[in-house]
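So this one's model-v4.tsv, TSV, C-alpha atoms and all ligand atoms:
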chain	number	residue	atom	x	y	z
C	1	MET	CA	22.62	-5.31	10.49
C	2	SER	CA	21.51	-8.77	11.60
C	3	ALA	CA	20.30	-11.09	8.87
C	4	THR	CA	16.62	-12.05	8.89
C	5	PRO	CA	16.25	-15.80	9.56
C	6	VAL	CA	14.98	-17.69	6.54
C	7	THR	CA	11.36	-18.74	6.98
C	8	VAL	CA	10.82	-19.97	3.42
C	9	PRO	CA	13.92	-20.82	1.34
C	10	PHE	CA	13.77	-20.32	-2.42
C	11	VAL	CA	14.94	-23.90	-3.02
C	12	ASP	CA	15.62	-26.72	-0.54
C	13	LEU	CA	17.69	-29.55	-2.01
C	14	SER	CA	18.18	-31.35	1.30
C	15	TRP	CA	14.54	-32.20	1.09
C	16	GLN	CA	15.19	-34.58	-1.83
C	17	HIS	CA	18.66	-35.72	-0.75
C	18	THR	CA	18.00	-36.68	2.86
C	19	PRO	CA	15.58	-39.56	2.14
C	20	LEU	CA	17.86	-40.87	-0.62
C	21	LYS	CA	21.14	-40.46	1.28
C	22	THR	CA	21.89	-44.16	1.80
C	23	GLU	CA	21.04	-45.10	-1.77
C	24	ILE	CA	23.11	-42.24	-3.19
C	25	GLU	CA	26.10	-43.15	-1.02
C	26	GLN	CA	25.85	-46.76	-2.14
C	27	ALA	CA	25.67	-45.75	-5.81
C	28	ILE	CA	28.75	-43.56	-5.41
C	29	GLN	CA	30.59	-46.37	-3.62
C	30	ASN	CA	29.72	-48.75	-6.47
C	31	VAL	CA	31.34	-46.43	-8.99
C	32	ILE	CA	34.45	-46.11	-6.82
C	33	ASP	CA	34.61	-49.90	-6.57
C	34	ARG	CA	34.24	-50.34	-10.33
C	35	GLY	CA	36.61	-47.48	-11.09
C	36	ASP	CA	34.85	-46.64	-14.38
C	37	PHE	CA	34.72	-42.91	-13.71
C	38	VAL	CA	34.56	-41.77	-17.34
C	39	LEU	CA	32.02	-43.25	-19.78
C	40	GLY	CA	31.22	-45.98	-17.26
C	41	GLN	CA	28.33	-48.36	-16.74
C	42	ALA	CA	26.11	-46.05	-14.68
C	43	LEU	CA	26.34	-43.48	-17.48
C	44	SER	CA	25.04	-45.85	-20.16
C	45	GLU	CA	22.27	-46.95	-17.80
C	46	PHE	CA	21.24	-43.39	-17.11
C	47	GLU	CA	21.41	-42.42	-20.80
C	48	THR	CA	19.04	-45.25	-21.71
C	49	ALA	CA	16.66	-44.54	-18.83
C	50	PHE	CA	16.46	-40.78	-19.33
C	51	ALA	CA	16.06	-40.94	-23.13
C	52	SER	CA	13.32	-43.50	-22.67
C	53	ALA	CA	11.54	-41.22	-20.17
C	54	CYS	CA	11.56	-38.58	-22.92
C	55	GLY	CA	10.12	-41.09	-25.38
C	56	VAL	CA	13.21	-41.25	-27.62
C	57	ASP	CA	15.91	-43.86	-28.25
C	58	ASN	CA	19.14	-41.97	-27.76
C	59	GLY	CA	20.59	-40.09	-24.80
C	60	ILE	CA	24.14	-38.78	-24.70
C	61	GLY	CA	25.43	-37.49	-21.36
C	62	VAL	CA	27.55	-34.35	-21.62
C	63	ALA	CA	29.20	-32.00	-19.16
C	64	SER	CA	26.42	-29.37	-19.05
C	65	GLY	CA	23.19	-28.18	-20.59
C	66	THR	CA	25.15	-25.50	-22.42
C	67	ASP	CA	27.33	-28.16	-24.06
C	68	ALA	CA	24.24	-30.22	-24.92
C	69	ILE	CA	22.95	-27.22	-26.91
C	70	ALA	CA	26.30	-26.43	-28.56
C	71	LEU	CA	27.27	-30.01	-29.48
C	72	GLY	CA	23.68	-30.93	-30.32
C	73	LEU	CA	23.23	-28.08	-32.79
C	74	GLN	CA	26.60	-28.86	-34.32
C	75	ALA	CA	25.58	-32.51	-34.75
C	76	CYS	CA	22.37	-31.33	-36.43
C	77	GLY	CA	24.50	-29.60	-39.03
C	78	ILE	CA	23.93	-26.07	-37.70
C	79	GLY	CA	26.98	-23.83	-37.81
C	80	ALA	CA	28.71	-20.88	-39.42
C	81	GLY	CA	26.42	-18.80	-41.61
C	82	ASP	CA	23.24	-20.28	-40.14
C	83	GLU	CA	20.70	-18.25	-38.18
C	84	VAL	CA	18.89	-19.79	-35.24
C	85	LEU	CA	15.73	-18.32	-33.70
C	86	VAL	CA	15.96	-18.00	-29.90
C	87	PRO	CA	13.72	-16.24	-27.38
C	88	ALA	CA	15.16	-13.00	-25.97
C	89	ASN	CA	13.98	-13.82	-22.44
C	90	THR	CA	15.90	-17.00	-21.78
C	91	PHE	CA	18.87	-17.86	-19.60
C	92	ILE	CA	22.02	-16.74	-21.43
C	93	ALA	CA	23.14	-20.38	-21.90
C	94	THR	CA	20.66	-20.83	-24.78
C	95	VAL	CA	22.38	-18.03	-26.67
C	96	LEU	CA	25.86	-19.24	-25.67
C	97	GLY	CA	25.08	-22.73	-27.00
C	98	VAL	CA	24.04	-21.33	-30.38
C	99	ILE	CA	27.15	-19.13	-30.59
C	100	GLN	CA	29.43	-21.99	-29.48
C	101	ALA	CA	27.98	-24.11	-32.31
C	102	GLY	CA	29.23	-21.38	-34.64
C	103	ALA	CA	25.79	-20.13	-35.64
C	104	THR	CA	24.15	-16.71	-35.20
C	105	PRO	CA	21.36	-16.34	-32.65
C	106	VAL	CA	18.43	-14.28	-33.89
C	107	LEU	CA	16.44	-13.16	-30.89
C	108	VAL	CA	12.67	-13.14	-30.80
C	109	ASP	CA	10.12	-11.56	-28.44
C	110	CYS	CA	7.86	-13.60	-26.18
C	111	ASP	CA	4.17	-13.98	-25.53
C	112	PRO	CA	3.37	-11.56	-22.68
C	113	LEU	CA	1.11	-14.03	-20.84
C	114	THR	CA	3.17	-17.24	-20.93
C	115	ALA	CA	6.66	-15.72	-21.39
C	116	LEU	CA	7.25	-18.40	-24.08
C	117	ILE	CA	8.66	-17.60	-27.51
C	118	ASP	CA	6.08	-15.88	-29.73
C	119	LEU	CA	5.89	-17.81	-33.00
C	120	LYS	CA	4.35	-14.83	-34.83
C	121	ALA	CA	7.40	-12.80	-33.88
C	122	ALA	CA	9.62	-15.72	-34.87
C	123	GLU	CA	7.95	-15.79	-38.29
C	124	ALA	CA	8.82	-12.15	-38.82
C	125	ALA	CA	12.49	-12.82	-38.00
C	126	ILE	CA	12.99	-15.55	-40.64
C	127	THR	CA	15.54	-14.90	-43.40
C	128	PRO	CA	16.97	-17.20	-46.10
C	129	GLN	CA	19.74	-18.06	-43.57
C	130	THR	CA	17.36	-19.29	-40.86
C	131	LYS	CA	17.93	-23.00	-40.28
C	132	ALA	CA	16.48	-23.77	-36.87
C	133	ILE	CA	14.41	-22.63	-33.93
C	134	VAL	CA	15.41	-23.27	-30.31
C	135	PRO	CA	12.17	-23.11	-28.34
C	136	VAL	CA	12.89	-22.83	-24.61
C	137	HIS	CA	10.35	-24.64	-22.44
C	138	LEU	CA	10.73	-21.82	-19.95
C	139	TYR	CA	9.92	-22.20	-16.26
C	140	GLY	CA	8.79	-25.80	-16.89
C	141	GLN	CA	6.10	-25.17	-19.49
C	142	MET	CA	6.44	-26.50	-23.03
C	143	VAL	CA	6.06	-24.25	-26.03
C	144	SER	CA	2.97	-25.65	-27.82
C	145	PRO	CA	4.29	-28.70	-29.74
C	146	THR	CA	1.52	-28.62	-32.36
C	147	GLN	CA	2.15	-24.96	-33.13
C	148	LEU	CA	5.90	-25.54	-33.17
C	149	LEU	CA	5.67	-28.49	-35.57
C	150	ASP	CA	3.34	-26.53	-37.79
C	151	PHE	CA	5.68	-23.55	-37.79
C	152	ALA	CA	8.79	-25.63	-38.47
C	153	SER	CA	7.25	-27.55	-41.34
C	154	THR	CA	5.87	-24.39	-42.95
C	155	TYR	CA	9.32	-22.77	-42.98
C	156	ASN	CA	11.39	-25.94	-43.27
C	157	LEU	CA	13.28	-25.34	-40.01
C	158	LEU	CA	14.76	-27.77	-37.51
C	159	ILE	CA	13.34	-27.71	-33.98
C	160	PHE	CA	16.01	-28.05	-31.30
C	161	GLU	CA	14.41	-27.93	-27.84
C	162	ASP	CA	16.04	-26.25	-24.87
C	163	ALA	CA	14.42	-28.43	-22.21
C	164	ALA	CA	16.83	-27.49	-19.40
C	165	GLN	CA	13.91	-26.36	-17.23
C	166	ALA	CA	11.36	-28.92	-18.37
C	167	HIS	CA	12.31	-32.52	-17.50
C	168	LEU	CA	9.20	-34.64	-18.22
C	169	ALA	CA	6.98	-31.64	-18.97
C	170	ARG	CA	4.01	-32.56	-21.15
C	171	ARG	CA	1.68	-30.74	-23.51
C	172	GLU	CA	-0.77	-31.83	-26.21
C	173	GLY	CA	0.34	-35.46	-25.88
C	174	TYR	CA	4.05	-34.67	-26.30
C	175	VAL	CA	6.85	-34.92	-23.73
C	176	ALA	CA	9.64	-32.33	-23.57
C	177	GLY	CA	12.54	-33.61	-25.64
C	178	GLY	CA	10.30	-35.61	-27.96
C	179	VAL	CA	9.17	-32.81	-30.27
C	180	GLY	CA	12.18	-31.71	-32.27
C	181	ILE	CA	15.10	-33.42	-33.98
C	182	ALA	CA	16.93	-33.21	-30.64
C	183	ALA	CA	16.72	-31.61	-27.21
C	184	ALA	CA	19.10	-30.40	-24.53
C	185	PHE	CA	18.69	-31.02	-20.81
C	186	SER	CA	20.68	-29.71	-17.86
C	187	PHE	CA	21.25	-31.49	-14.55
C	188	TYR	CA	22.53	-28.42	-12.73
C	189	PRO	CA	21.73	-29.13	-9.05
C	190	SER	CA	18.61	-26.96	-8.79
C	191	LYS	CA	16.97	-28.15	-12.03
C	192	ASN	CA	13.95	-30.46	-11.72
C	193	LEU	CA	16.40	-33.35	-12.03
C	194	GLY	CA	19.72	-32.24	-10.58
C	195	ALA	CA	23.14	-33.84	-10.16
C	196	LEU	CA	25.60	-33.13	-7.34
C	197	GLY	CA	27.39	-30.78	-9.69
C	198	ASN	CA	27.18	-30.01	-13.39
C	199	GLY	CA	25.76	-32.27	-16.05
C	200	GLY	CA	23.67	-32.32	-19.20
C	201	MET	CA	22.20	-34.57	-21.85
C	202	LEU	CA	21.33	-34.46	-25.52
C	203	VAL	CA	18.35	-36.64	-26.38
C	204	THR	CA	17.35	-37.44	-29.95
C	205	ARG	CA	15.40	-39.92	-32.02
C	206	ASP	CA	17.94	-39.40	-34.84
C	207	ARG	CA	20.70	-42.05	-34.71
C	208	ASP	CA	23.02	-40.03	-36.88
C	209	VAL	CA	22.79	-36.98	-34.62
C	210	ALA	CA	23.30	-39.24	-31.59
C	211	GLN	CA	26.43	-40.76	-33.08
C	212	LYS	CA	27.85	-37.34	-33.90
C	213	VAL	CA	27.33	-36.05	-30.34
C	214	ARG	CA	28.95	-39.22	-28.95
C	215	THR	CA	31.97	-38.41	-31.07
C	216	LEU	CA	32.00	-34.67	-30.35
C	217	ARG	CA	31.80	-35.08	-26.57
C	218	ASN	CA	34.79	-37.44	-26.64
C	219	TYR	CA	37.52	-35.34	-28.38
C	220	GLY	CA	35.99	-36.10	-31.76
C	221	ALA	CA	37.25	-39.67	-31.47
C	222	THR	CA	35.72	-42.23	-33.83
C	223	SER	CA	37.75	-44.95	-32.15
C	224	LYS	CA	40.45	-44.74	-29.50
C	225	TYR	CA	43.14	-42.25	-30.59
C	226	TYR	CA	41.57	-41.69	-34.04
C	227	HIS	CA	39.97	-38.28	-34.43
C	228	ALA	CA	37.69	-37.59	-37.35
C	229	GLN	CA	36.71	-34.15	-36.04
C	230	LEU	CA	37.76	-31.49	-33.57
C	231	GLY	CA	35.64	-32.41	-30.59
C	232	LYS	CA	35.52	-31.43	-26.93
C	233	ASN	CA	36.06	-33.12	-23.61
C	234	SER	CA	32.45	-33.01	-22.43
C	235	ARG	CA	31.23	-36.20	-20.79
C	236	LEU	CA	28.71	-36.58	-17.99
C	237	ASP	CA	30.72	-38.13	-15.13
C	238	THR	CA	29.80	-41.70	-14.21
C	239	LEU	CA	29.50	-40.57	-10.56
C	240	GLN	CA	26.91	-37.95	-11.51
C	241	ALA	CA	25.03	-40.46	-13.67
C	242	ALA	CA	24.98	-42.91	-10.76
C	243	VAL	CA	23.36	-40.27	-8.55
C	244	LEU	CA	20.91	-39.31	-11.29
C	245	ASN	CA	19.94	-42.98	-11.66
C	246	ILE	CA	18.81	-42.94	-8.03
C	247	LYS	CA	16.84	-39.73	-8.47
C	248	LEU	CA	15.18	-40.39	-11.84
C	249	PRO	CA	12.48	-42.78	-10.53
C	250	HIS	CA	11.28	-39.97	-8.22
C	251	LEU	CA	11.16	-37.24	-10.85
C	252	ALA	CA	7.54	-37.66	-11.93
C	253	GLN	CA	6.39	-37.51	-8.30
C	254	TRP	CA	8.55	-34.45	-7.59
C	255	ASN	CA	7.13	-32.70	-10.66
C	256	GLN	CA	3.63	-33.53	-9.50
C	257	TRP	CA	4.34	-31.93	-6.12
C	258	ARG	CA	5.68	-28.83	-7.85
C	259	ASN	CA	2.49	-28.64	-9.90
C	260	GLN	CA	0.35	-29.02	-6.77
C	261	ALA	CA	2.30	-26.28	-5.01
C	262	ALA	CA	1.70	-24.03	-8.04
C	263	GLN	CA	-2.02	-24.76	-7.93
C	264	THR	CA	-2.08	-23.73	-4.28
C	265	TYR	CA	-0.25	-20.49	-5.10
C	266	ASP	CA	-2.68	-19.83	-7.98
C	267	ARG	CA	-5.69	-20.32	-5.73
C	268	LEU	CA	-4.44	-18.24	-2.79
C	269	LEU	CA	-3.14	-15.43	-4.99
C	270	GLN	CA	-6.39	-15.20	-6.97
C	271	PRO	CA	-7.64	-12.14	-4.98
C	272	LEU	CA	-4.52	-10.21	-6.05
C	273	LYS	CA	-5.31	-10.41	-9.78
C	274	VAL	CA	-7.55	-7.35	-9.68
C	275	LYS	CA	-4.74	-5.55	-7.86
C	276	GLY	CA	-2.30	-6.25	-10.69
C	277	LEU	CA	-0.37	-9.24	-9.37
C	278	VAL	CA	-0.78	-12.10	-11.82
C	279	PRO	CA	0.96	-15.49	-12.18
C	280	ILE	CA	2.53	-16.35	-15.55
C	281	GLU	CA	-0.18	-18.24	-17.43
C	282	ASN	CA	-0.27	-22.02	-17.33
C	283	GLN	CA	-1.65	-23.33	-20.63
C	284	SER	CA	-0.65	-26.93	-20.00
C	285	ASP	CA	-2.40	-27.83	-16.72
C	286	LEU	CA	-0.73	-30.85	-15.10
C	287	GLY	CA	1.90	-30.97	-17.85
C	288	HIS	CA	3.62	-27.86	-16.44
C	289	VAL	CA	6.52	-29.02	-14.24
C	290	TYR	CA	7.10	-25.63	-12.60
C	291	HIS	CA	10.86	-25.42	-12.52
C	292	LEU	CA	9.97	-21.92	-11.31
C	293	TYR	CA	6.76	-20.28	-10.10
C	294	ILE	CA	6.63	-16.73	-11.41
C	295	ILE	CA	4.33	-13.85	-10.66
C	296	GLU	CA	4.14	-10.60	-12.58
C	297	VAL	CA	3.94	-7.44	-10.47
C	298	SER	CA	2.38	-4.86	-12.79
C	299	GLU	CA	2.25	-1.06	-12.37
C	300	LEU	CA	-1.30	-1.43	-11.03
C	301	PHE	CA	-0.04	-3.19	-7.92
C	302	PRO	CA	0.23	-0.78	-4.95
C	303	VAL	CA	3.85	-1.74	-4.31
C	304	ASN	CA	6.60	-2.06	-6.94
C	305	ARG	CA	8.48	-5.28	-7.67
C	306	SER	CA	11.66	-4.52	-5.76
C	307	GLU	CA	9.63	-3.32	-2.75
C	308	VAL	CA	7.65	-6.57	-2.84
C	309	GLN	CA	10.91	-8.51	-2.95
C	310	ASN	CA	12.34	-6.50	-0.02
C	311	LYS	CA	9.23	-6.86	2.09
C	312	LEU	CA	9.20	-10.63	1.52
C	313	ALA	CA	12.91	-10.77	2.41
C	314	ASP	CA	12.12	-8.88	5.67
C	315	ARG	CA	9.82	-11.77	6.52
C	316	GLY	CA	12.50	-14.34	5.69
C	317	ILE	CA	11.02	-15.33	2.32
C	318	GLN	CA	13.62	-15.82	-0.41
C	319	THR	CA	12.68	-14.91	-3.97
C	320	GLY	CA	14.49	-14.59	-7.30
C	321	ILE	CA	14.24	-12.85	-10.66
C	322	HIS	CA	14.51	-15.10	-13.71
C	323	TYR	CA	15.85	-13.06	-15.45
C	324	PRO	CA	16.46	-9.38	-14.68
C	325	LEU	CA	18.02	-8.51	-18.06
C	326	PRO	CA	16.96	-10.03	-21.41
C	327	CYS	CA	19.68	-11.55	-23.60
C	328	HIS	CA	19.59	-8.77	-26.20
C	329	LEU	CA	20.55	-6.20	-23.54
C	330	GLN	CA	23.37	-8.23	-22.00
C	331	PRO	CA	26.73	-6.53	-22.53
C	332	ALA	CA	28.10	-9.88	-23.75
C	333	CYS	CA	25.64	-9.79	-26.65
C	334	GLY	CA	26.49	-6.24	-27.72
C	335	HIS	CA	27.96	-7.50	-30.99
C	336	LEU	CA	24.54	-8.81	-32.02
C	337	GLY	CA	23.47	-5.18	-32.41
C	338	TYR	CA	20.18	-5.11	-30.52
C	339	ARG	CA	18.81	-2.10	-28.61
C	340	ILE	CA	16.40	-1.24	-25.84
C	341	GLY	CA	12.88	-1.43	-27.23
C	342	ASP	CA	13.59	-4.27	-29.69
C	343	PHE	CA	11.62	-6.85	-27.66
C	344	PRO	CA	9.08	-4.94	-25.57
C	345	HIS	CA	7.30	-7.94	-24.04
C	346	ALA	CA	10.56	-9.52	-22.89
C	347	GLU	CA	11.79	-6.21	-21.49
C	348	LYS	CA	8.55	-5.53	-19.66
C	349	LEU	CA	8.55	-9.01	-18.12
C	350	CYS	CA	12.13	-8.59	-16.89
C	351	ASP	CA	11.04	-5.50	-14.98
C	352	ARG	CA	7.97	-7.12	-13.46
C	353	ILE	CA	8.62	-10.80	-12.76
C	354	LEU	CA	9.32	-12.31	-9.37
C	355	SER	CA	10.02	-15.99	-8.69
C	356	LEU	CA	8.47	-17.34	-5.50
C	357	PRO	CA	9.87	-20.30	-3.51
C	358	MET	CA	9.33	-23.54	-5.45
C	359	TYR	CA	10.66	-27.04	-4.86
C	360	PRO	CA	9.13	-30.47	-4.33
C	361	GLY	CA	8.36	-30.70	-0.63
C	362	LEU	CA	7.46	-27.03	-0.25
C	363	SER	CA	4.79	-27.36	2.43
C	364	GLN	CA	1.25	-26.05	2.28
C	365	ASP	CA	2.00	-23.99	5.43
C	366	ARG	CA	4.91	-22.25	3.80
C	367	ILE	CA	2.93	-21.49	0.64
C	368	GLU	CA	0.14	-20.06	2.79
C	369	PHE	CA	2.65	-17.95	4.68
C	370	VAL	CA	4.11	-16.53	1.44
C	371	CYS	CA	0.63	-15.78	0.07
C	372	GLU	CA	-0.55	-14.17	3.32
C	373	GLN	CA	2.45	-11.89	3.21
C	374	LEU	CA	1.73	-10.93	-0.41
C	375	LEU	CA	-1.89	-10.22	0.45
C	376	SER	CA	-0.90	-8.11	3.42
C	377	ILE	CA	1.61	-6.19	1.27
C	378	ALA	CA	-1.37	-5.39	-0.99
C	379	GLY	CA	-3.45	-4.34	2.01
C	380	ILE	CA	-5.65	-7.45	2.16
C	381	PHE	CA	-5.56	-9.12	5.55
C	382	SER	CA	-7.32	-12.46	5.30
C	383	ILE	CA	-7.31	-15.22	2.73
W	1	LIG	C1	20.17	-24.14	-16.89
W	1	LIG	C2	19.84	-23.78	-18.27
W	1	LIG	C3	20.73	-24.01	-19.34
W	1	LIG	C4	22.16	-24.42	-19.16
W	1	LIG	O1	22.41	-25.53	-18.45
W	1	LIG	P1	23.83	-25.71	-17.71
W	1	LIG	O2	23.81	-27.13	-17.30
W	1	LIG	O3	23.85	-24.76	-16.57
W	1	LIG	O4	24.89	-25.41	-18.72
W	1	LIG	C5	20.30	-23.75	-20.63
W	1	LIG	N1	19.08	-23.24	-20.87
W	1	LIG	C6	18.21	-22.98	-19.88
W	1	LIG	C7	16.87	-22.44	-20.22
W	1	LIG	C8	18.57	-23.21	-18.55
W	1	LIG	O5	17.70	-22.93	-17.57
Any chance you could put this one into structure tokens?
Amino acid sequence: MSATPVTVPFVDLSWQHTPLKTEIEQAIQNVIDRGDFVLGQALSEFETAFASACGVDNGIGVASGTDAIALGLQACGIGAGDEVLVPANTFIATVLGVIQAGATPVLVDCDPLTALIDLKAAEAAITPQTKAIVPVHLYGQMVSPTQLLDFASTYNLLIFEDAAQAHLARREGYVAGGVGIAAAFSFYPSKNLGALGNGGMLVTRDRDVAQKVRTLRNYGATSKYYHAQLGKNSRLDTLQAAVLNIKLPHLAQWNQWRNQAAQTYDRLLQPLKVKGLVPIENQSDLGHVYHLYIIEVSELFPVNRSEVQNKLADRGIQTGIHYPLPCHLQPACGHLGYRIGDFPHAEKLCDRILSLPMYPGLSQDRIEFVCEQLLSIAGIFSI
């Protein structure tokens, strides 16, 4: 069988790298010349710049978003015996971070329209052991900061944001990373701000938490060869930070282009709403940074989700499913004791969602092509 040529890729990273190629090469060369590959100058510069973009004072570069969650929670004093509220429909790394911190993840269902953690459901899951909530700003949309702050103060819980999909997202006057005691970011290559490899950052306004993560990421060293705690080797490489320094000034613009692309999708897909194909709801307008653009293909739609995905693939359009199996049903989480039916909204979404191509630089023509194909799949032949 010959492969269908790609007409619309799911993500195109060359689009952001090509115009910055010379600058990136120069930045890499500078690090090679300096030779400060670990905890070097470009890292401190990037930590300051990224934390400041989030509206907080401290940024600590770590090896991945997963480590930012694990080390960050640990630095916040969360560990063995503590329960942490986490949405069931997140990427597994959120759950892994909580477990690696030594705490117990307590999964919570989501709002069916936004796919964000449902705070009413979170309320019902609170026990005397509950110490924190990890809201995931999923797909690039923040969980309502005012509702979160209200919730956390009512129940005396820490807020630790998983902002791995939400660099510079905004809502109700807050920026992602600036709501809770601390927040974790990932610079995995396809994130809104991506390195040329793995990377992550913990941002916090709390100096004590910042100091603890600085120690934990560096073998628990308080000074060279003196180890107050059992830490990890988890630093963001200077080379990656140097590349991220080049990209950071473009992030706001890239996010804006993502948001514009999403608005075009929303407009062109409008006629499909009555047919049962509905985008995940945007409750934060221009503040949504659309790490992913997700539609829900309900039972009403004439064609089922996997058929839609196949038909788009036949036309060279790449799509994804984020995520096909909720955390509570992952074999790796079997020991947590959850069952099918525990989180009906999350389960239903997993069966219905489809991620359409989304990246800054996705052209109007390509969006129109994707939407035309979806309309024709539904039996509508003109936009
Ligand atoms: C990507 C991601 C992570 C993990 O980041 P890594 O850098 O891949 O470890 C955590 N949470 C969410 C929601 C993510 O999308």
Please provide as a ChimeraX atom specification all residues within 9 Å of Asp206 of chain C, with the sequence filter that same-chain residues fewer than 2 positions apart are discarded (counting only C-alpha atoms). /C:56-58,181-182,203-204,208-211
Do you know which residues are within 8 Å of ligand LIG 1 (chain W) using all atoms listed in the file? Can you write them as a PyMOL selection string? chain C and resi 63-69+90-94+136-139+162-165+184-188+191+198-200
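Coordinates place atom CA of Leu236 of chain C at a distance of 9.7 Å from atom CA of Phe37 of chain C.
Atom pair atom CA of Tyr338 of chain C / atom CA of Ala75 of chain C: separated by 28.2 Å.
The shortest atom-to-atom distance to Gly180 of chain C, with all atoms listed in the file taken into account, belongs to C:Cys76 out of C:Val38, C:Leu272, C:Cys76, C:Val95.
Separating atom CA of Pro5 of chain C from atom CA of Pro360 of chain C is a distance of 21.4 Å.
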Excluding Gly102 of chain C and its own-chain neighbours fewer than 4 positions away, which residues fall within 7 Å of it when counting all atoms listed in the file? Please give them as a list in words. Gly79, Ala80 and Val98 of chain C
If you count only C-alpha atoms, the residue of C:Phe160, C:Ala115, C:Glu83, C:Tyr226 closest to Pro326 of chain C turns out to be C:Ala115
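Remark: for Glu23 of chain C, the closest of the candidate residues C:Lys348, C:Lys247, C:Arg170, C:Arg258 is C:Lys247 (distances computed over only C-alpha atoms).
In this comparison, which uses all atoms listed in the file, the residue of C:Arg235, C:His291, C:Lys120, C:Lys131 approaching Ala169 of chain C most closely is C:His291.
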8 Å contact set for Tyr293 of chain C, all atoms listed in the file, chain neighbours under 3 positions out, as an NGL selection string: :C and (139 or 262 or 279-280 or 290 or 355-358)
Output segment 22-27 of chain C with all heavy atoms present, as a short mmCIF file (atom, residue, chain, number, x, y, z; two decimals), keeping the file's coordinate frame.
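What ended up in rebuild-v6.cif:
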data_model
loop_
_atom_site.label_atom_id
_atom_site.label_comp_id
_atom_site.auth_asym_id
_atom_site.auth_seq_id
_atom_site.Cartn_x
_atom_site.Cartn_y
_atom_site.Cartn_z
N THR C 22 21.25 -42.84 1.79
CA THR C 22 21.89 -44.16 1.80
C THR C 22 22.05 -44.71 0.39
O THR C 22 23.11 -45.22 0.02
CB THR C 22 21.06 -45.14 2.65
OG1 THR C 22 20.60 -44.44 3.81
CG2 THR C 22 21.85 -46.35 3.06
N GLU C 23 20.99 -44.59 -0.39
CA GLU C 23 21.04 -45.10 -1.77
C GLU C 23 22.08 -44.36 -2.60
O GLU C 23 22.80 -44.98 -3.42
CB GLU C 23 19.68 -44.91 -2.46
CG GLU C 23 18.66 -45.97 -2.15
CD GLU C 23 17.36 -45.67 -2.90
OE1 GLU C 23 17.25 -46.05 -4.08
OE2 GLU C 23 16.47 -45.02 -2.30
N ILE C 24 22.15 -43.04 -2.42
CA ILE C 24 23.11 -42.24 -3.19
C ILE C 24 24.54 -42.62 -2.79
O ILE C 24 25.40 -42.83 -3.64
CB ILE C 24 22.85 -40.73 -2.98
CG1 ILE C 24 21.56 -40.31 -3.72
CG2 ILE C 24 24.04 -39.90 -3.48
CD1 ILE C 24 21.13 -38.88 -3.45
N GLU C 25 24.76 -42.77 -1.48
CA GLU C 25 26.10 -43.15 -1.02
C GLU C 25 26.51 -44.51 -1.57
O GLU C 25 27.66 -44.71 -1.99
CB GLU C 25 26.15 -43.14 0.51
CG GLU C 25 26.23 -41.72 1.07
CD GLU C 25 26.07 -41.65 2.58
OE1 GLU C 25 25.81 -42.69 3.23
OE2 GLU C 25 26.17 -40.52 3.11
N GLN C 26 25.56 -45.42 -1.60
CA GLN C 26 25.85 -46.76 -2.14
C GLN C 26 26.19 -46.69 -3.62
O GLN C 26 27.13 -47.34 -4.08
CB GLN C 26 24.63 -47.68 -1.89
CG GLN C 26 24.87 -49.13 -2.25
CD GLN C 26 26.05 -49.72 -1.46
OE1 GLN C 26 26.06 -49.69 -0.23
NE2 GLN C 26 27.05 -50.23 -2.17
N ALA C 27 25.43 -45.87 -4.36
CA ALA C 27 25.67 -45.75 -5.81
C ALA C 27 27.05 -45.16 -6.06
O ALA C 27 27.77 -45.61 -6.98
CB ALA C 27 24.58 -44.87 -6.44
#
